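Next up, structure.cif (mmCIF, C-alpha atoms and all ligand atoms):
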data_target
loop_
_atom_site.label_atom_id
_atom_site.label_comp_id
_atom_site.auth_asym_id
_atom_site.auth_seq_id
_atom_site.Cartn_x
_atom_site.Cartn_y
_atom_site.Cartn_z
CA MET E 1 43.08 -18.64 55.18
CA ILE E 2 43.00 -15.35 53.34
CA PHE E 3 40.17 -12.86 53.77
CA LYS E 4 38.67 -9.91 51.91
CA PRO E 5 36.54 -7.12 53.36
CA PHE E 6 32.87 -7.12 52.36
CA LYS E 7 30.96 -4.04 53.51
CA ASP E 8 31.51 -4.05 57.30
CA ILE E 9 32.54 -7.71 57.62
CA SER E 10 35.40 -9.87 56.38
CA LEU E 11 34.81 -12.98 54.25
CA SER E 12 37.18 -15.87 53.64
CA ARG E 13 38.25 -16.02 49.99
CA LEU E 14 37.34 -19.72 49.91
CA GLY E 15 33.70 -20.58 50.53
CA MET E 16 32.25 -24.00 51.25
CA GLY E 17 29.73 -25.04 48.60
CA ASN E 18 27.40 -27.68 50.03
CA MET E 19 26.05 -29.23 46.84
CA ARG E 20 28.48 -32.08 46.37
CA LEU E 21 28.92 -33.42 49.88
CA PRO E 22 29.56 -37.16 50.19
CA GLN E 23 26.34 -39.18 50.19
CA ARG E 24 25.18 -42.53 51.56
CA PHE E 25 24.19 -44.38 48.41
CA ASP E 26 23.47 -47.48 50.49
CA LEU E 27 20.50 -45.74 52.17
CA PRO E 28 17.10 -44.73 50.70
CA GLU E 29 17.11 -41.21 49.20
CA ASN E 30 20.93 -41.12 49.45
CA PRO E 31 21.29 -38.68 52.37
CA ILE E 32 24.50 -36.75 52.98
CA ASP E 33 27.07 -38.87 54.83
CA ARG E 34 26.97 -37.08 58.20
CA GLU E 35 30.20 -38.60 59.48
CA LYS E 36 32.32 -37.71 56.42
CA GLY E 37 30.60 -34.34 55.98
CA ARG E 38 31.23 -33.44 59.60
CA GLU E 39 34.91 -34.32 59.30
CA MET E 40 35.19 -32.02 56.28
CA ILE E 41 33.28 -29.10 57.79
CA ASP E 42 35.21 -29.36 61.07
CA LEU E 43 38.54 -28.97 59.27
CA ILE E 44 37.20 -26.24 56.97
CA MET E 45 35.80 -24.32 59.93
CA LYS E 46 39.01 -24.78 61.93
CA SER E 47 40.97 -23.40 58.97
CA GLY E 48 39.03 -20.13 59.00
CA VAL E 49 36.52 -20.56 56.15
CA ASN E 50 33.51 -18.50 57.18
CA TYR E 51 31.21 -18.62 54.11
CA TYR E 52 28.81 -21.58 53.76
CA ASP E 53 26.60 -21.80 50.69
CA THR E 54 23.55 -24.00 50.24
CA ALA E 55 20.12 -23.85 48.57
CA TYR E 56 16.54 -24.99 49.09
CA VAL E 57 16.92 -27.60 46.35
CA TYR E 58 20.38 -29.03 47.10
CA ASN E 59 20.14 -32.74 47.90
CA GLY E 60 16.36 -32.36 48.02
CA GLY E 61 16.71 -30.18 51.13
CA ASP E 62 19.20 -32.43 52.91
CA SER E 63 22.05 -29.97 52.33
CA GLU E 64 20.21 -27.30 54.37
CA ARG E 65 19.26 -29.87 57.03
CA PHE E 66 22.85 -31.12 57.26
CA LEU E 67 24.18 -27.59 57.72
CA GLY E 68 21.53 -26.91 60.34
CA GLU E 69 22.75 -29.93 62.29
CA ILE E 70 26.47 -29.35 62.05
CA LEU E 71 26.58 -25.56 62.35
CA ALA E 72 24.64 -25.81 65.61
CA ASP E 73 27.98 -26.84 67.14
CA TYR E 74 29.50 -23.48 66.23
CA ASP E 75 28.93 -19.97 67.48
CA ARG E 76 26.39 -18.34 65.08
CA ASP E 77 28.66 -15.29 64.81
CA SER E 78 31.64 -17.39 63.63
CA TYR E 79 30.30 -18.09 60.11
CA TYR E 80 28.09 -16.63 57.39
CA LEU E 81 25.30 -18.74 55.96
CA ALA E 82 24.02 -18.31 52.42
CA THR E 83 20.97 -20.00 50.93
CA LYS E 84 18.65 -19.51 47.97
CA PHE E 85 14.99 -19.26 47.03
CA ASN E 86 14.17 -21.25 43.92
CA TYR E 87 10.92 -20.13 42.26
CA GLY E 88 10.71 -23.23 40.06
CA ALA E 89 10.97 -25.61 43.02
CA ASN E 90 8.33 -23.84 45.14
CA PRO E 91 6.96 -20.38 44.30
CA ASP E 92 5.56 -19.84 47.82
CA TYR E 93 8.48 -17.66 48.95
CA LYS E 94 7.07 -16.93 52.40
CA ALA E 95 6.62 -20.62 53.24
CA VAL E 96 10.00 -21.50 51.70
CA PHE E 97 11.83 -18.93 53.80
CA GLU E 98 10.21 -20.19 57.03
CA GLU E 99 11.03 -23.79 56.09
CA GLN E 100 14.63 -22.83 55.39
CA LEU E 101 15.02 -21.15 58.78
CA LYS E 102 13.80 -24.36 60.44
CA ARG E 103 15.96 -26.63 58.32
CA CYS E 104 19.06 -24.53 58.98
CA ASN E 105 18.29 -24.13 62.66
CA THR E 106 18.74 -20.35 62.53
CA ASP E 107 16.77 -17.13 62.89
CA HIS E 108 18.41 -15.33 59.97
CA PHE E 109 20.43 -15.80 56.80
CA ASP E 110 23.52 -13.72 56.25
CA PHE E 111 23.35 -14.03 52.47
CA TYR E 112 20.12 -14.78 50.63
CA LEU E 113 19.84 -15.30 46.89
CA LEU E 114 17.23 -15.68 44.20
CA HIS E 115 18.41 -18.94 42.71
CA ALA E 116 19.53 -19.49 39.09
CA VAL E 117 17.98 -16.42 37.52
CA GLY E 118 17.90 -17.02 33.77
CA ASP E 119 16.19 -15.94 30.59
CA GLY E 120 13.31 -18.36 31.17
CA ASN E 121 12.45 -17.41 34.76
CA TYR E 122 13.61 -13.86 35.52
CA GLN E 123 10.12 -12.47 34.91
CA ASP E 124 8.71 -14.94 37.44
CA TYR E 125 11.09 -13.60 40.07
CA ILE E 126 10.11 -10.02 39.22
CA LYS E 127 6.36 -10.60 39.09
CA CYS E 128 5.82 -12.94 42.05
CA GLY E 129 6.58 -10.25 44.66
CA CYS E 130 9.40 -12.12 46.34
CA ILE E 131 11.94 -9.31 45.90
CA GLU E 132 9.82 -6.83 47.86
CA TYR E 133 9.20 -9.46 50.51
CA PHE E 134 12.90 -10.28 50.89
CA LYS E 135 13.75 -6.57 51.07
CA GLU E 136 11.27 -6.31 53.95
CA LEU E 137 12.97 -9.29 55.66
CA LYS E 138 16.26 -7.46 55.20
CA LYS E 139 14.86 -4.49 57.10
CA GLN E 140 13.83 -6.91 59.88
CA GLY E 141 17.36 -8.39 60.02
CA LYS E 142 16.26 -11.85 58.88
CA ILE E 143 18.35 -11.37 55.74
CA LYS E 144 21.62 -9.44 56.00
CA TYR E 145 22.60 -9.26 52.34
CA LEU E 146 20.37 -9.87 49.33
CA GLY E 147 21.59 -11.04 45.93
CA PHE E 148 20.95 -13.51 43.15
CA SER E 149 22.72 -16.29 41.32
CA ALA E 150 22.51 -16.25 37.55
CA HIS E 151 22.76 -18.51 34.52
CA ALA E 152 21.51 -15.85 32.17
CA SER E 153 22.26 -14.19 28.83
CA HIS E 154 24.21 -10.94 29.06
CA GLU E 155 21.08 -8.99 28.23
CA VAL E 156 19.04 -10.51 31.06
CA LEU E 157 21.95 -10.30 33.50
CA ARG E 158 22.26 -6.59 32.71
CA LYS E 159 18.51 -6.06 33.13
CA PHE E 160 18.31 -7.97 36.41
CA SER E 161 21.44 -6.35 37.81
CA ASP E 162 19.89 -2.92 37.23
CA LEU E 163 16.62 -3.87 38.91
CA GLU E 164 17.85 -3.33 42.48
CA LYS E 165 20.87 -2.29 44.43
CA TRP E 166 21.98 -5.91 44.95
CA ASP E 167 24.53 -6.58 47.68
CA PHE E 168 26.24 -9.32 45.67
CA THR E 169 25.79 -11.74 42.78
CA GLN E 170 26.86 -15.30 42.15
CA ILE E 171 27.94 -16.48 38.69
CA GLN E 172 29.68 -19.44 37.08
CA LEU E 173 33.24 -18.29 36.51
CA ASN E 174 36.23 -20.34 35.40
CA TYR E 175 38.96 -19.99 32.78
CA TYR E 176 37.25 -22.38 30.34
CA ASP E 177 34.00 -20.38 30.30
CA TRP E 178 36.05 -17.16 30.19
CA LEU E 179 37.68 -18.31 26.95
CA PHE E 180 34.86 -20.29 25.38
CA GLY E 181 31.63 -19.25 27.14
CA GLY E 182 29.98 -16.06 28.32
CA ALA E 183 31.78 -15.69 31.67
CA LYS E 184 34.01 -12.76 30.66
CA GLY E 185 30.99 -10.70 29.59
CA GLU E 186 29.09 -11.60 32.76
CA TYR E 187 32.02 -10.60 34.94
CA GLU E 188 32.37 -7.30 33.10
CA ILE E 189 28.66 -6.47 33.52
CA LEU E 190 28.98 -6.96 37.29
CA ALA E 191 32.34 -5.19 37.52
CA GLU E 192 30.92 -2.14 35.70
CA ARG E 193 28.22 -1.98 38.36
CA ASN E 194 30.70 -2.69 41.15
CA VAL E 195 28.67 -5.67 42.42
CA PRO E 196 30.80 -8.10 44.43
CA VAL E 197 31.00 -11.49 42.72
CA ILE E 198 30.67 -14.83 44.47
CA VAL E 199 32.13 -17.44 42.14
CA MET E 200 30.47 -20.79 41.55
CA GLU E 201 31.87 -23.64 39.47
CA PRO E 202 35.47 -22.37 39.47
CA VAL E 203 36.56 -25.88 38.44
CA ARG E 204 33.50 -26.39 36.23
CA GLY E 205 31.90 -29.09 38.35
CA GLY E 206 35.27 -30.83 38.67
CA ARG E 207 35.83 -31.02 34.90
CA LEU E 208 38.92 -28.78 35.14
CA ALA E 209 40.46 -30.83 37.96
CA SER E 210 42.17 -32.95 35.32
CA LEU E 211 42.95 -32.09 31.70
CA THR E 212 44.46 -34.17 28.89
CA PRO E 213 48.02 -35.48 29.57
CA GLU E 214 49.54 -32.98 27.09
CA ALA E 215 47.68 -30.01 28.58
CA GLU E 216 48.55 -31.08 32.11
CA ALA E 217 52.23 -31.41 31.11
CA VAL E 218 52.31 -27.68 30.21
CA LEU E 219 51.12 -26.80 33.71
CA LYS E 220 53.14 -29.42 35.55
CA GLU E 221 56.34 -28.21 33.91
CA ALA E 222 55.77 -24.73 35.34
CA HIS E 223 54.65 -25.87 38.81
CA PRO E 224 55.11 -29.58 39.50
CA ASP E 225 53.77 -29.18 43.03
CA TRP E 226 50.48 -27.47 42.09
CA SER E 227 47.37 -29.59 41.53
CA ILE E 228 45.56 -29.01 38.23
CA ALA E 229 42.48 -27.83 40.14
CA SER E 230 44.56 -25.25 42.01
CA TRP E 231 45.42 -23.52 38.70
CA ALA E 232 41.68 -22.84 38.27
CA PHE E 233 41.42 -21.32 41.75
CA ARG E 234 44.60 -19.27 41.38
CA TRP E 235 43.29 -17.90 38.09
CA VAL E 236 39.99 -16.77 39.67
CA LYS E 237 41.95 -15.07 42.43
CA ARG E 238 43.34 -12.67 39.80
CA LEU E 239 39.99 -11.01 39.26
CA PRO E 240 39.53 -7.96 41.50
CA GLN E 241 35.71 -8.07 41.59
CA VAL E 242 35.74 -11.60 43.00
CA GLN E 243 34.80 -11.76 46.66
CA VAL E 244 34.42 -15.45 47.58
CA VAL E 245 35.30 -18.51 45.52
CA LEU E 246 32.96 -21.40 46.27
CA SER E 247 34.15 -24.94 46.00
CA GLY E 248 31.68 -27.82 46.22
CA MET E 249 34.08 -30.11 48.03
CA SER E 250 33.37 -33.83 48.15
CA ASN E 251 36.27 -35.33 50.07
CA MET E 252 39.15 -34.51 52.41
CA GLU E 253 41.72 -34.51 49.62
CA GLN E 254 39.90 -31.64 47.89
CA VAL E 255 39.50 -29.86 51.22
CA ARG E 256 43.25 -30.01 51.95
CA ASP E 257 44.22 -28.96 48.43
CA ASN E 258 41.84 -25.97 48.52
CA LEU E 259 42.93 -24.90 51.98
CA ASN E 260 46.50 -24.93 50.74
CA THR E 261 45.59 -22.86 47.64
CA PHE E 262 43.83 -20.27 49.78
CA SER E 263 46.47 -20.12 52.49
CA ASP E 264 48.08 -17.17 50.69
CA ASP E 265 47.19 -14.44 48.23
CA ARG E 266 49.31 -15.87 45.44
CA ALA E 267 47.33 -15.56 42.20
CA LEU E 268 48.54 -16.40 38.70
CA THR E 269 50.98 -13.99 37.08
CA ASP E 270 50.36 -12.78 33.52
CA GLU E 271 52.85 -15.38 32.26
CA GLU E 272 51.12 -18.16 34.17
CA GLU E 273 47.76 -17.07 32.81
CA LYS E 274 49.16 -17.36 29.27
CA LEU E 275 50.31 -20.90 30.05
CA LEU E 276 46.91 -21.79 31.50
CA PHE E 277 45.10 -20.47 28.43
CA LYS E 278 47.48 -22.43 26.20
CA ALA E 279 46.75 -25.61 28.18
CA CYS E 280 43.02 -24.86 27.98
CA ASP E 281 43.21 -24.52 24.17
CA MET E 282 45.04 -27.84 23.96
CA PHE E 283 42.56 -29.50 26.28
CA LYS E 284 39.58 -28.29 24.27
CA SER E 285 41.00 -29.28 20.90
CA GLN E 286 42.05 -32.70 22.20
CA ILE E 287 38.75 -33.68 23.78
CA GLN E 288 36.58 -32.36 20.97
CA VAL E 289 35.61 -34.52 17.99
CA PRO E 290 36.72 -32.44 14.95
CA CYS E 291 33.38 -32.73 13.15
CA THR E 292 32.74 -29.84 10.77
CA GLY E 293 29.07 -30.69 10.22
CA CYS E 294 29.55 -31.30 6.47
CA ARG E 295 27.08 -34.25 6.54
CA TYR E 296 29.01 -36.30 3.93
CA CYS E 297 28.58 -39.28 6.27
CA CYS E 298 24.81 -39.11 6.52
CA ASP E 299 23.49 -40.40 3.17
CA ASN E 300 25.02 -43.84 3.54
CA CYS E 301 23.93 -44.56 7.10
CA PRO E 302 21.49 -47.49 6.97
CA SER E 303 20.10 -46.45 10.36
CA GLN E 304 19.55 -42.84 9.25
CA ILE E 305 21.33 -41.47 12.29
CA ASP E 306 21.91 -37.71 12.32
CA ILE E 307 25.65 -38.28 12.78
CA PRO E 308 26.87 -34.64 13.09
CA LYS E 309 24.22 -34.05 15.73
CA ILE E 310 25.52 -37.03 17.70
CA MET E 311 29.08 -35.65 17.35
CA THR E 312 27.87 -32.34 18.83
CA VAL E 313 26.26 -34.14 21.77
CA CYS E 314 29.47 -36.12 22.24
CA ASN E 315 31.48 -32.88 22.46
CA ASP E 316 28.96 -31.41 24.88
CA TYR E 317 29.09 -34.51 27.02
CA ARG E 318 32.88 -34.45 27.21
CA ILE E 319 32.96 -30.94 28.63
CA ASN E 320 29.57 -30.56 30.31
CA GLY E 321 28.82 -34.08 31.53
CA GLU E 322 25.54 -35.94 31.98
CA TRP E 323 23.02 -33.18 31.26
CA ALA E 324 24.15 -33.09 27.62
CA LEU E 325 22.64 -36.55 27.15
CA HIS E 326 19.06 -35.74 28.17
CA GLY E 327 17.99 -34.75 24.64
CA LEU E 328 19.29 -38.01 23.19
CA ARG E 329 17.71 -40.11 25.91
CA ASP E 330 14.29 -38.60 25.19
CA SER E 331 14.70 -38.56 21.40
CA ASP E 332 12.29 -40.41 19.10
CA LYS E 333 14.87 -40.16 16.27
CA PRO E 334 17.62 -42.79 15.65
CA THR E 335 20.34 -42.61 18.31
CA PRO E 336 23.72 -44.33 18.80
CA LYS E 337 21.73 -47.32 20.06
CA ASP E 338 20.63 -47.87 16.45
CA CYS E 339 24.18 -47.89 15.06
CA LEU E 340 25.05 -51.16 13.30
CA GLY E 341 28.79 -50.50 13.39
CA CYS E 342 28.96 -50.96 9.60
CA GLY E 343 31.53 -48.19 9.09
CA GLU E 344 29.84 -46.78 5.95
CA CYS E 345 29.95 -43.31 7.48
CA THR E 346 33.67 -43.20 8.18
CA LYS E 347 34.48 -44.00 4.52
CA HIS E 348 32.95 -40.63 3.61
CA CYS E 349 34.29 -38.52 6.46
CA PRO E 350 36.95 -36.02 5.30
CA GLN E 351 38.11 -35.65 8.92
CA GLY E 352 38.74 -39.38 9.26
CA ILE E 353 36.64 -39.58 12.41
CA ASP E 354 36.13 -43.10 13.77
CA ILE E 355 32.35 -42.68 13.93
CA PRO E 356 31.44 -46.29 14.87
CA ALA E 357 33.79 -46.08 17.89
CA LEU E 358 32.18 -42.84 19.03
CA MET E 359 28.69 -44.29 18.48
CA SER E 360 29.68 -47.21 20.66
CA GLU E 361 31.09 -44.86 23.34
CA MET E 362 27.85 -42.84 23.34
CA ARG E 363 25.65 -45.96 23.38
CA GLU E 364 27.27 -46.95 26.66
CA LYS E 365 26.22 -43.63 28.20
CA LEU E 366 22.55 -43.73 27.16
S1 LIG E 401 28.53 -47.23 11.59
FE1 LIG E 401 26.63 -46.59 12.56
S2 LIG E 401 26.53 -44.42 12.18
FE2 LIG E 401 28.03 -45.23 10.75
S3 LIG E 401 26.85 -45.65 8.90
FE3 LIG E 401 26.91 -47.53 10.10
S4 LIG E 401 25.02 -47.46 11.30
FE4 LIG E 401 25.37 -45.39 10.56
S1 LIG E 402 31.47 -36.52 7.49
FE1 LIG E 402 32.71 -36.34 9.34
S2 LIG E 402 33.01 -34.14 9.57
FE2 LIG E 402 31.32 -34.40 8.13
S3 LIG E 402 29.46 -34.38 9.40
FE3 LIG E 402 30.07 -36.51 9.21
S4 LIG E 402 31.34 -36.89 11.02
FE4 LIG E 402 31.20 -34.68 10.78
#

Rewrite the structure from the file as structure tokens, please.
Amino acid sequence: MIFKPFKDISLSRLGMGNMRLPQRFDLPENPIDREKGREMIDLIMKSGVNYYDTAYVYNGGDSERFLGEILADYDRDSYYLATKFNYGANPDYKAVFEEQLKRCNTDHFDFYLLHAVGDGNYQDYIKCGCIEYFKELKKQGKIKYLGFSAHASHEVLRKFSDLEKWDFTQIQLNYYDWLFGGAKGEYEILAERNVPVIVMEPVRGGRLASLTPEAEAVLKEAHPDWSIASWAFRWVKRLPQVQVVLSGMSNMEQVRDNLNTFSDDRALTDEEEKLLFKACDMFKSQIQVPCTGCRYCCDNCPSQIDIPKIMTVCNDYRINGEWALHGLRDSDKPTPKDCLGCGECTKHCPQGIDIPALMSEMREKL
């Protein structure tokens, strides 16, 4: 395992994210599978990983409880524990903190974060008084380092970053969001302020663990022995402001692959980054429906479906997964479920998109 100094301690470059641990779907409330989880954590711990990230809301609290159980087997000084206060889940920050200490079977947290600060809630975090309270807990030694995780616009991230002298920040950072989202700007805001960055979603919730066959071929030709996911980790390693890269590991195969990737300092070279960006471009263009939003298809639809809107949701779903479907599921407007498969739309589509096939694909998901 490779390490990087952080203030007066040393943190492993790979951190264990405890949001996607294996679960027992055969039991009520689907608790974390203790046996499988323990096997993973034991190997991760043995390999030198010393950063463990959880949150009040992960697995409805079971993630914190699981860590409390398993980490009790290890010397408290052999790892660093990070958890988060989520205002939306429970605004009573004093009660939440006490509950978290009990759940995690500890008397302090090494890293403590305000969770998912965004444009819609950052004022709540400022106004509720929790920041002053957590700063007081820091003085008492119950919190060692105070930071926040963000899913915010650049403007709000800038504002929140300047609010306090934060010890660290956690953001979503991966090559896809660097090229096509706001990650580059977020990273630069934090780098300008010299705030250490803990990376979440380096493989975009697993979406970058496999690409399209053509995009993967570009990467495999350069390094046949590297997994596709490891390219994402090696890319993040290039960024000097990055402190710890979290991976929400779900099985032993991912654990072994990640431990291998972080067994040395080898990051992508400039040439390899170019290849990765080329593969990312190919991946995006191949998974995206090439709808231009011209609406030529709409007038002839007997079900009056807003077809370009459905194409947008389809694209969102292919890169962002389930959450992209919520709007459609709750919609009172015609959805792919109302498609008759008549094909009238495709006759008018200048892009030659097989709309009935996509409607059918989307119907299956709703
Ligand atoms: S195939 Fe479906 S989306 Fe296309 S025109 Fe017919 S009903 Fe509308
Ligand atoms: S006609 Fe084709 S390109 Fe135009 S909005 Fe409809 S699906 Fe999209």

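Near segment 336-350 of chain E, within a cut-off of 6 Å and counting all atoms listed in the file, sit the residues Tyr296, Cys297, Ile355, Pro356, Met359 and Arg363 of chain E, with same-chain residues fewer than 4 positions away left out.
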
Selection as number ranges by chain: residues within 12 Å of (23.6, -4.7, 51.7), counting all atoms listed in the file
E: 6-9, 110-112, 135, 138-139, 141, 143-147, 164-169, 195-196

Residues from the last selection, C-alpha atoms, saved as a CSV table (one decimal), keeping the file's coordinate frame:
chain,number,residue,atom,x,y,z
E,6,PHE,CA,32.9,-7.1,52.4
E,7,LYS,CA,31.0,-4.0,53.5
E,8,ASP,CA,31.5,-4.0,57.3
E,9,ILE,CA,32.5,-7.7,57.6
E,110,ASP,CA,23.5,-13.7,56.2
E,111,PHE,CA,23.4,-14.0,52.5
E,112,TYR,CA,20.1,-14.8,50.6
E,135,LYS,CA,13.8,-6.6,51.1
E,138,LYS,CA,16.3,-7.5,55.2
E,139,LYS,CA,14.9,-4.5,57.1
E,141,GLY,CA,17.4,-8.4,60.0
E,143,ILE,CA,18.4,-11.4,55.7
E,144,LYS,CA,21.6,-9.4,56.0
E,145,TYR,CA,22.6,-9.3,52.3
E,146,LEU,CA,20.4,-9.9,49.3
E,147,GLY,CA,21.6,-11.0,45.9
E,164,GLU,CA,17.8,-3.3,42.5
E,165,LYS,CA,20.9,-2.3,44.4
E,166,TRP,CA,22.0,-5.9,45.0
E,167,ASP,CA,24.5,-6.6,47.7
E,168,PHE,CA,26.2,-9.3,45.7
E,169,THR,CA,25.8,-11.7,42.8
E,195,VAL,CA,28.7,-5.7,42.4
E,196,PRO,CA,30.8,-8.1,44.4

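The gap separating atom CA of Phe109 of chain E from atom CA of Arg38 of chain E is 20.9 Å, in Å to one decimal.
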
Tell me, as a list in words, which residues lie within 10 Å of Lys278 of chain E, counting only C-alpha atoms; anything in the same chain fewer than 6 positions away does not count.
Ala215, Val218, Leu219 and Glu272 of chain E

Interatomic distance, atom CA of Asn86 of chain E to atom CA of His115 of chain E (Å, one decimal):
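Separation between atom CA of Asn86 of chain E and atom CA of His115 of chain E: 5.0 Å.
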
Between E:Met249, E:Leu21, E:Leu163, E:Cys280, single out the one closest to Ile319 of chain E, counting only C-alpha atoms.
E:Cys280

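Taking only C-alpha atoms into account, Ser149 of chain E lies nearest to E:Thr83 out of the set E:Ser263, E:Thr212, E:Asn105, E:Thr83.
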
So which residues touch segment 244-247 of chain E within 7 Å, counting all atoms listed in the file, skipping near sequence neighbours fewer than 6 positions away, as a ChimeraX atom specification?
/E:12-17,198-200

From the set E:Lys309, E:Arg76, E:Arg238, E:Arg207, which residue has the shortest atom-to-atom contact distance to ligand LIG 401 (chain E), counting only C-alpha atoms and all ligand atoms?
E:Lys309

For ligand LIG 401 (chain E), I'd like the enclosing box, axis-aligned and padded by 5 Å on every side, reported as JSON with centre and edge lengths in Å to one decimal.
{"center_x": 26.8, "center_y": -46.0, "center_z": 10.7, "size_x": 13.5, "size_y": 13.1, "size_z": 13.7}

Give me, please, the distance in Å between atom CA of Met45 of chain E and atom CA of Ser63 of chain E, quoted to one decimal.
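That distance, rounded to one decimal, is 16.7 Å.
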
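By chain and then residue number, the residues within 8 Å of Pro308 of chain E are Cys291, Thr292, Gly293, Cys294, Arg295 and Thr312 of chain E, counting all atoms listed in the file and disregarding those fewer than 4 positions away in sequence.
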
Generate a file of the selected residues that holds C-alpha atoms, formatted as a PDB file, in the frame of the given file.
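File produced: again.pdb:
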ATOM      1  CA  CYS E 291      33.380 -32.730  13.150  1.00  0.00           C
ATOM      2  CA  THR E 292      32.740 -29.840  10.770  1.00  0.00           C
ATOM      3  CA  GLY E 293      29.070 -30.690  10.220  1.00  0.00           C
ATOM      4  CA  CYS E 294      29.550 -31.300   6.470  1.00  0.00           C
ATOM      5  CA  ARG E 295      27.080 -34.250   6.540  1.00  0.00           C
ATOM      6  CA  THR E 312      27.870 -32.340  18.830  1.00  0.00           C
TER       7      THR E 312
END

Option closest in space to Leu137 of chain E, from E:Arg20, E:Arg256, E:His326, E:Lys94 [counting all atoms listed in the file]
E:Lys94

I'd like to know which of E:Leu328, E:Ile310, E:Ile305, E:Ile70 is closest to ligand LIG 401 (chain E), using all atoms listed in the file.
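Smallest separation from ligand LIG 401 (chain E) among the options: E:Ile305.
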
Counting only C-alpha atoms, what is within 10 Å of Cys314 of chain E, bar same-chain residues fewer than 2 positions away, as a list of chain:residue names?
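Counting only C-alpha atoms, the residues come to E:Ile287, E:Gln288, E:Val289, E:Pro308, E:Lys309, E:Ile310, E:Met311, E:Thr312, E:Asp316, E:Tyr317, E:Arg318, E:Ile319, E:Asn320, E:Gly321, E:Ala324, E:Leu325, E:Leu358, E:Met359, E:Glu361, E:Met362.
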
Can I get segment 193-204 of chain E with N, CA and C atoms filled in, as a compact mmCIF listing (two decimals), in the frame of the given file?
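Below is the file rebuild_23.txt, written as the result:
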# COMPACT_ATOMS: atom_id res chain seq x y z
N ARG E 193 29.19 -2.42 37.34
CA ARG E 193 28.22 -1.98 38.36
C ARG E 193 28.77 -2.09 39.78
N ASN E 194 30.01 -2.53 39.86
CA ASN E 194 30.70 -2.69 41.15
C ASN E 194 29.93 -3.60 42.12
N VAL E 195 29.36 -4.68 41.57
CA VAL E 195 28.67 -5.67 42.42
C VAL E 195 29.67 -6.77 42.77
N PRO E 196 29.87 -7.03 44.06
CA PRO E 196 30.80 -8.10 44.43
C PRO E 196 30.36 -9.45 43.86
N VAL E 197 31.31 -10.23 43.39
CA VAL E 197 31.00 -11.49 42.72
C VAL E 197 31.38 -12.68 43.60
N ILE E 198 30.40 -13.54 43.85
CA ILE E 198 30.67 -14.83 44.47
C ILE E 198 30.79 -15.81 43.31
N VAL E 199 31.88 -16.55 43.28
CA VAL E 199 32.13 -17.44 42.14
C VAL E 199 31.61 -18.84 42.43
N MET E 200 30.83 -19.37 41.47
CA MET E 200 30.47 -20.79 41.55
C MET E 200 31.12 -21.51 40.37
N GLU E 201 31.27 -22.78 40.50
CA GLU E 201 31.87 -23.64 39.47
C GLU E 201 33.24 -23.15 38.99
N PRO E 202 34.15 -22.80 39.91
CA PRO E 202 35.47 -22.37 39.47
C PRO E 202 36.26 -23.48 38.78
N VAL E 203 35.89 -24.75 39.08
CA VAL E 203 36.56 -25.88 38.44
C VAL E 203 35.56 -26.61 37.52
N ARG E 204 34.51 -25.89 37.17
CA ARG E 204 33.50 -26.39 36.23
C ARG E 204 32.96 -27.77 36.64
